[in-house]
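Report on the structure given below.
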Amino acid sequence: MRKLLVLLFVFILSIIIIQSHEDSSVPQSPSEENWPESLALGKEKLTKLHFYFHDIVSGKKPTAIKIAQASTTNQSPTLFGLLAMADEPLTQGPEPTSKIVGRAQGLYGSANQEKLSLILAMSFEFTNGIYNGSTLSVFGRNPVLQLKRELPIVGGTGIFRFARGVAFAKTYWFNMTSGDAIVEYNVRVIHYG
Ligand SMILES: *[C@@H]1O[C@H](CO)[C@@H](O)[C@H](O)[C@H]1NC(C)=O
Ligand SMILES: *[C@@H]1O[C@H](CO)[C@@H](O)[C@H](O)[C@H]1NC(C)=O
């Protein structure tokens, strides 16, 4: 009888432990505004994204425009102090006519006095399929004359809530005269949505 009681006690205790464990878990597809309710964010996922970024600074319909500069910017070989606001299409393929999968919106500025290098602070909003409406925040140094660059992804929204990752940027096409560029992006992002 006593053994039976002990067994029953262990059985009930294990149910309580299992239940409290389940209570602390988070739904797989979080949609609630108050998500997360605990530090367990859910299953970590690694998503790879590939697209092209069109930075058009010349012509009648530029995707990036100068919004400010310092009095000394024009004397600087790197246009140090120049600040631009951008709203640029992200496309599936490299051609400007390729399907648009999102937009990169935000700021970039010349932040290096010796070598041409930008500081980039942008939100990439995606419009395709399950990514529609989700964003990634990209913030980091972008030494544009290097063929390959690496930019940190510091956060996100929607499917990319609590995201972190890296965006590998590679110049696909650059017109030295106009300053227009098409950049290939390979993104690796860890997220939970
Ligand atoms: C993306 O979402 C917006 C707003 O919810 C909707 O109007 C649009 O049709 C969607 N686009 C795609 C490609 O699913
Ligand atoms: C580069 O830009 C210049 C100035 O806008 C233009 O005349 C030229 O055709 C462009 N070159 C290419 C290959 O698009």
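Residues in the structure tokens are numbered from 1 in each chain, the chains being A, B, ... in the order shown, and ligands are numbered from 1 in the order shown.
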Tell me, as a ChimeraX atom specification, which residues lie within 7 Å of stretch 42-50 of chain A, counting only C-alpha atoms; anything in the same chain fewer than 6 positions away does not count. /A:26,28,185-192
At most 8 Å from ligand 2 (only C-alpha atoms and all ligand atoms): residue list as a PyMOL selection string: chain A and resi 58-59+175-180
Same residues, N, CA, C and O atoms, output as a compact mmCIF listing (two decimals), in the first residue's frame:
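So selection-v4.txt came out as:
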# COMPACT_ATOMS: atom_id res chain seq x y z
N SER A 58 21.79 58.11 -60.34
CA SER A 58 21.75 59.05 -61.48
C SER A 58 20.38 59.02 -62.15
O SER A 58 19.52 58.22 -61.80
N GLY A 59 20.22 59.90 -63.15
CA GLY A 59 19.00 59.89 -63.96
C GLY A 59 17.82 60.57 -63.29
O GLY A 59 17.96 61.23 -62.25
N ASN A 175 28.72 51.21 -62.36
CA ASN A 175 29.07 52.19 -63.38
C ASN A 175 29.84 53.32 -62.69
O ASN A 175 29.26 54.10 -61.94
N MET A 176 31.15 53.36 -62.96
CA MET A 176 32.03 54.34 -62.33
C MET A 176 31.60 55.77 -62.64
O MET A 176 31.79 56.66 -61.81
N THR A 177 31.05 55.98 -63.84
CA THR A 177 30.68 57.34 -64.26
C THR A 177 29.44 57.83 -63.52
O THR A 177 29.43 58.93 -62.95
N SER A 178 28.41 57.00 -63.51
CA SER A 178 27.14 57.43 -62.91
C SER A 178 27.07 57.15 -61.40
O SER A 178 26.33 57.80 -60.68
N GLY A 179 27.83 56.16 -60.96
CA GLY A 179 27.75 55.75 -59.55
C GLY A 179 26.66 54.72 -59.30
O GLY A 179 26.49 54.26 -58.16
N ASP A 180 25.92 54.35 -60.33
CA ASP A 180 24.86 53.34 -60.17
C ASP A 180 25.47 51.96 -59.92
O ASP A 180 26.53 51.64 -60.47
Neighbourhood of ligand 1 at 9 Å, counting only C-alpha atoms and all ligand atoms, reported as a ChimeraX atom specification: /A:101,126-133
Create the file for the chosen residues now, containing C-alpha atoms and written as a PDB file, in the first residue's frame.
ATOM      1  CA  VAL A 101      10.811  40.798 -53.835  1.00  0.00           C
ATOM      2  CA  PHE A 126      10.133  41.692 -48.104  1.00  0.00           C
ATOM      3  CA  THR A 127       6.942  41.344 -50.132  1.00  0.00           C
ATOM      4  CA  ASN A 128       7.127  37.818 -51.450  1.00  0.00           C
ATOM      5  CA  GLY A 129       5.116  34.800 -50.198  1.00  0.00           C
ATOM      6  CA  ILE A 130       5.559  33.932 -46.521  1.00  0.00           C
ATOM      7  CA  TYR A 131       8.014  36.817 -46.094  1.00  0.00           C
ATOM      8  CA  ASN A 132       5.441  39.437 -47.136  1.00  0.00           C
ATOM      9  CA  GLY A 133       5.519  42.304 -44.620  1.00  0.00           C
TER      10      GLY A 133
END
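With only C-alpha atoms as the atoms that count, the residue of A:Glu150, A:Asp55, A:Glu114, A:Glu125 with the shortest distance to A:Pro94 is A:Asp55.
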If you count only C-alpha atoms, which residues fall within 7 Å of stretch 103-112 of chain A, apart from same-chain ones fewer than 6 positions away, as a PDB file with N, CA, C and O atoms, in the first residue's frame?
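To be explicit, this is the file written out as part23.pdb:
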ATOM      1  N   THR A  78      36.792  60.995 -50.444  1.00  0.00           N
ATOM      2  CA  THR A  78      35.798  59.939 -50.189  1.00  0.00           C
ATOM      3  C   THR A  78      34.405  60.528 -49.956  1.00  0.00           C
ATOM      4  O   THR A  78      33.497  59.819 -49.544  1.00  0.00           O
ATOM      5  N   LEU A  79      34.243  61.829 -50.231  1.00  0.00           N
ATOM      6  CA  LEU A  79      32.975  62.540 -49.985  1.00  0.00           C
ATOM      7  C   LEU A  79      32.495  62.338 -48.548  1.00  0.00           C
ATOM      8  O   LEU A  79      31.302  62.166 -48.276  1.00  0.00           O
ATOM      9  N   PHE A  80      33.476  62.380 -47.647  1.00  0.00           N
ATOM     10  CA  PHE A  80      33.194  62.173 -46.222  1.00  0.00           C
ATOM     11  C   PHE A  80      32.120  63.149 -45.728  1.00  0.00           C
ATOM     12  O   PHE A  80      32.224  64.353 -45.943  1.00  0.00           O
ATOM     13  N   GLY A  81      31.099  62.596 -45.100  1.00  0.00           N
ATOM     14  CA  GLY A  81      30.027  63.436 -44.566  1.00  0.00           C
ATOM     15  C   GLY A  81      28.777  63.469 -45.428  1.00  0.00           C
ATOM     16  O   GLY A  81      27.749  63.978 -44.998  1.00  0.00           O
ATOM     17  N   LEU A  82      28.852  62.884 -46.617  1.00  0.00           N
ATOM     18  CA  LEU A  82      27.666  62.840 -47.480  1.00  0.00           C
ATOM     19  C   LEU A  82      26.651  61.838 -46.924  1.00  0.00           C
ATOM     20  O   LEU A  82      27.015  60.739 -46.522  1.00  0.00           O
ATOM     21  N   LEU A  83      25.410  62.252 -46.893  1.00  0.00           N
ATOM     22  CA  LEU A  83      24.359  61.379 -46.352  1.00  0.00           C
ATOM     23  C   LEU A  83      23.252  61.227 -47.395  1.00  0.00           C
ATOM     24  O   LEU A  83      22.806  62.215 -47.980  1.00  0.00           O
ATOM     25  N   ALA A  84      22.823  60.007 -47.619  1.00  0.00           N
ATOM     26  CA  ALA A  84      21.789  59.757 -48.635  1.00  0.00           C
ATOM     27  C   ALA A  84      20.623  58.978 -48.031  1.00  0.00           C
ATOM     28  O   ALA A  84      20.810  58.153 -47.134  1.00  0.00           O
ATOM     29  N   MET A  85      19.424  59.288 -48.532  1.00  0.00           N
ATOM     30  CA  MET A  85      18.228  58.526 -48.167  1.00  0.00           C
ATOM     31  C   MET A  85      17.866  57.628 -49.339  1.00  0.00           C
ATOM     32  O   MET A  85      17.863  58.095 -50.483  1.00  0.00           O
ATOM     33  N   ALA A  86      17.583  56.370 -49.044  1.00  0.00           N
ATOM     34  CA  ALA A  86      17.367  55.406 -50.119  1.00  0.00           C
ATOM     35  C   ALA A  86      16.050  54.656 -49.972  1.00  0.00           C
ATOM     36  O   ALA A  86      15.593  54.393 -48.852  1.00  0.00           O
ATOM     37  N   ASP A  87      15.449  54.360 -51.111  1.00  0.00           N
ATOM     38  CA  ASP A  87      14.293  53.462 -51.184  1.00  0.00           C
ATOM     39  C   ASP A  87      14.531  52.640 -52.441  1.00  0.00           C
ATOM     40  O   ASP A  87      14.229  53.087 -53.549  1.00  0.00           O
ATOM     41  N   GLU A  88      15.117  51.483 -52.279  1.00  0.00           N
ATOM     42  CA  GLU A  88      15.663  50.764 -53.418  1.00  0.00           C
ATOM     43  C   GLU A  88      15.008  49.401 -53.602  1.00  0.00           C
ATOM     44  O   GLU A  88      14.770  48.689 -52.630  1.00  0.00           O
ATOM     45  N   PRO A  89      14.730  49.054 -54.870  1.00  0.00           N
ATOM     46  CA  PRO A  89      14.114  47.755 -55.084  1.00  0.00           C
ATOM     47  C   PRO A  89      15.083  46.593 -54.845  1.00  0.00           C
ATOM     48  O   PRO A  89      16.275  46.698 -55.148  1.00  0.00           O
ATOM     49  N   LEU A  90      14.544  45.520 -54.282  1.00  0.00           N
ATOM     50  CA  LEU A  90      15.274  44.257 -54.177  1.00  0.00           C
ATOM     51  C   LEU A  90      14.606  43.311 -55.164  1.00  0.00           C
ATOM     52  O   LEU A  90      13.380  43.159 -55.147  1.00  0.00           O
ATOM     53  N   LEU A 118      30.990  53.181 -46.581  1.00  0.00           N
ATOM     54  CA  LEU A 118      29.723  53.745 -46.104  1.00  0.00           C
ATOM     55  C   LEU A 118      29.357  53.169 -44.751  1.00  0.00           C
ATOM     56  O   LEU A 118      29.783  52.074 -44.395  1.00  0.00           O
ATOM     57  N   ILE A 119      28.522  53.920 -44.030  1.00  0.00           N
ATOM     58  CA  ILE A 119      27.811  53.320 -42.899  1.00  0.00           C
ATOM     59  C   ILE A 119      26.370  53.183 -43.386  1.00  0.00           C
ATOM     60  O   ILE A 119      25.806  54.117 -43.958  1.00  0.00           O
ATOM     61  N   LEU A 120      25.815  52.004 -43.203  1.00  0.00           N
ATOM     62  CA  LEU A 120      24.499  51.723 -43.770  1.00  0.00           C
ATOM     63  C   LEU A 120      23.524  51.387 -42.636  1.00  0.00           C
ATOM     64  O   LEU A 120      23.847  50.598 -41.749  1.00  0.00           O
ATOM     65  N   ALA A 121      22.388  52.045 -42.633  1.00  0.00           N
ATOM     66  CA  ALA A 121      21.347  51.770 -41.635  1.00  0.00           C
ATOM     67  C   ALA A 121      20.023  51.653 -42.379  1.00  0.00           C
ATOM     68  O   ALA A 121      19.413  52.660 -42.736  1.00  0.00           O
ATOM     69  N   MET A 122      19.612  50.420 -42.641  1.00  0.00           N
ATOM     70  CA  MET A 122      18.458  50.225 -43.515  1.00  0.00           C
ATOM     71  C   MET A 122      17.536  49.126 -43.023  1.00  0.00           C
ATOM     72  O   MET A 122      17.953  48.195 -42.347  1.00  0.00           O
ATOM     73  N   SER A 123      16.282  49.271 -43.414  1.00  0.00           N
ATOM     74  CA  SER A 123      15.303  48.222 -43.162  1.00  0.00           C
ATOM     75  C   SER A 123      14.976  47.580 -44.503  1.00  0.00           C
ATOM     76  O   SER A 123      14.599  48.276 -45.442  1.00  0.00           O
ATOM     77  N   PHE A 124      15.163  46.274 -44.587  1.00  0.00           N
ATOM     78  CA  PHE A 124      14.815  45.534 -45.806  1.00  0.00           C
ATOM     79  C   PHE A 124      13.430  44.939 -45.586  1.00  0.00           C
ATOM     80  O   PHE A 124      13.250  44.084 -44.718  1.00  0.00           O
ATOM     81  N   GLU A 125      12.458  45.413 -46.372  1.00  0.00           N
ATOM     82  CA  GLU A 125      11.118  44.846 -46.242  1.00  0.00           C
ATOM     83  C   GLU A 125      10.867  43.883 -47.394  1.00  0.00           C
ATOM     84  O   GLU A 125      11.093  44.231 -48.551  1.00  0.00           O
ATOM     85  N   PHE A 126      10.379  42.691 -47.068  1.00  0.00           N
ATOM     86  CA  PHE A 126      10.133  41.692 -48.104  1.00  0.00           C
ATOM     87  C   PHE A 126       8.648  41.620 -48.427  1.00  0.00           C
ATOM     88  O   PHE A 126       7.800  41.845 -47.553  1.00  0.00           O
TER      89      PHE A 126
END
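Considering the residues A:His54, A:Lys60, A:Lys115, A:Arg164 and counting only C-alpha atoms, A:Gln146 has its shortest atom-to-atom contact with A:Lys115.
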Which residue, A:Ile100, A:Val144, A:Leu151, A:Leu116, has the smallest gap to A:Phe53 when you use only C-alpha atoms? A:Ile100
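Closest approach to A:Gly156 among A:Ser134, A:Gln69, A:Glu37, A:Gly193 is made by A:Ser134 (distances from only C-alpha atoms).
For the pair atom CA of A:Gly158 and atom CA of A:Ala40, the interatomic distance is 17.3 Å.
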According to DSSP computed on the backbone, where in stretch 127-181 of chain A is there strand (DSSP E)? Give the residues as number ranges by chain. A: 135-142, 148-157, 164-174, 181
Select from stretch 23-161 of chain A everything DSSP, run on the backbone, classes as helix (DSSP H, G or I), then give the selection as a ChimeraX atom specification. /A:23,73-75,129-131,158-160
Limited to N, CA and C atoms, could you put the picked residues into a file as an mmCIF file, in the first residue's frame?
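Generated output (selection-v7.cif):
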data_model
loop_
_atom_site.group_PDB
_atom_site.id
_atom_site.type_symbol
_atom_site.label_atom_id
_atom_site.label_comp_id
_atom_site.auth_asym_id
_atom_site.auth_seq_id
_atom_site.Cartn_x
_atom_site.Cartn_y
_atom_site.Cartn_z
ATOM 1 N N ASP A 23 3.676 24.548 -20.314
ATOM 2 C CA ASP A 23 3.198 25.921 -20.144
ATOM 3 C C ASP A 23 4.235 26.955 -20.555
ATOM 4 N N THR A 73 32.679 68.330 -47.510
ATOM 5 C CA THR A 73 32.469 67.057 -48.224
ATOM 6 C C THR A 73 33.049 67.083 -49.642
ATOM 7 N N ASN A 74 32.852 68.201 -50.357
ATOM 8 C CA ASN A 74 33.317 68.253 -51.752
ATOM 9 C C ASN A 74 34.839 68.226 -51.877
ATOM 10 N N GLN A 75 35.557 68.622 -50.816
ATOM 11 C CA GLN A 75 37.023 68.559 -50.858
ATOM 12 C C GLN A 75 37.555 67.184 -50.470
ATOM 13 N N GLY A 129 5.566 36.022 -50.885
ATOM 14 C CA GLY A 129 5.116 34.800 -50.198
ATOM 15 C C GLY A 129 5.048 34.924 -48.696
ATOM 16 N N ILE A 130 5.641 33.955 -47.990
ATOM 17 C CA ILE A 130 5.559 33.932 -46.521
ATOM 18 C C ILE A 130 6.327 35.081 -45.879
ATOM 19 N N TYR A 131 7.217 35.715 -46.643
ATOM 20 C CA TYR A 131 8.014 36.817 -46.094
ATOM 21 C C TYR A 131 7.301 38.158 -46.209
ATOM 22 N N GLY A 158 7.981 40.555 -37.883
ATOM 23 C CA GLY A 158 7.177 39.529 -38.551
ATOM 24 C C GLY A 158 7.806 38.171 -38.361
ATOM 25 N N ILE A 159 8.020 37.471 -39.467
ATOM 26 C CA ILE A 159 8.642 36.147 -39.422
ATOM 27 C C ILE A 159 10.070 36.236 -38.868
ATOM 28 N N PHE A 160 10.647 37.424 -38.967
ATOM 29 C CA PHE A 160 12.042 37.623 -38.547
ATOM 30 C C PHE A 160 12.186 38.273 -37.172
#
Atom pair atom CA of A:Thr135 + atom CA of A:Val183, distance 18.7 Å
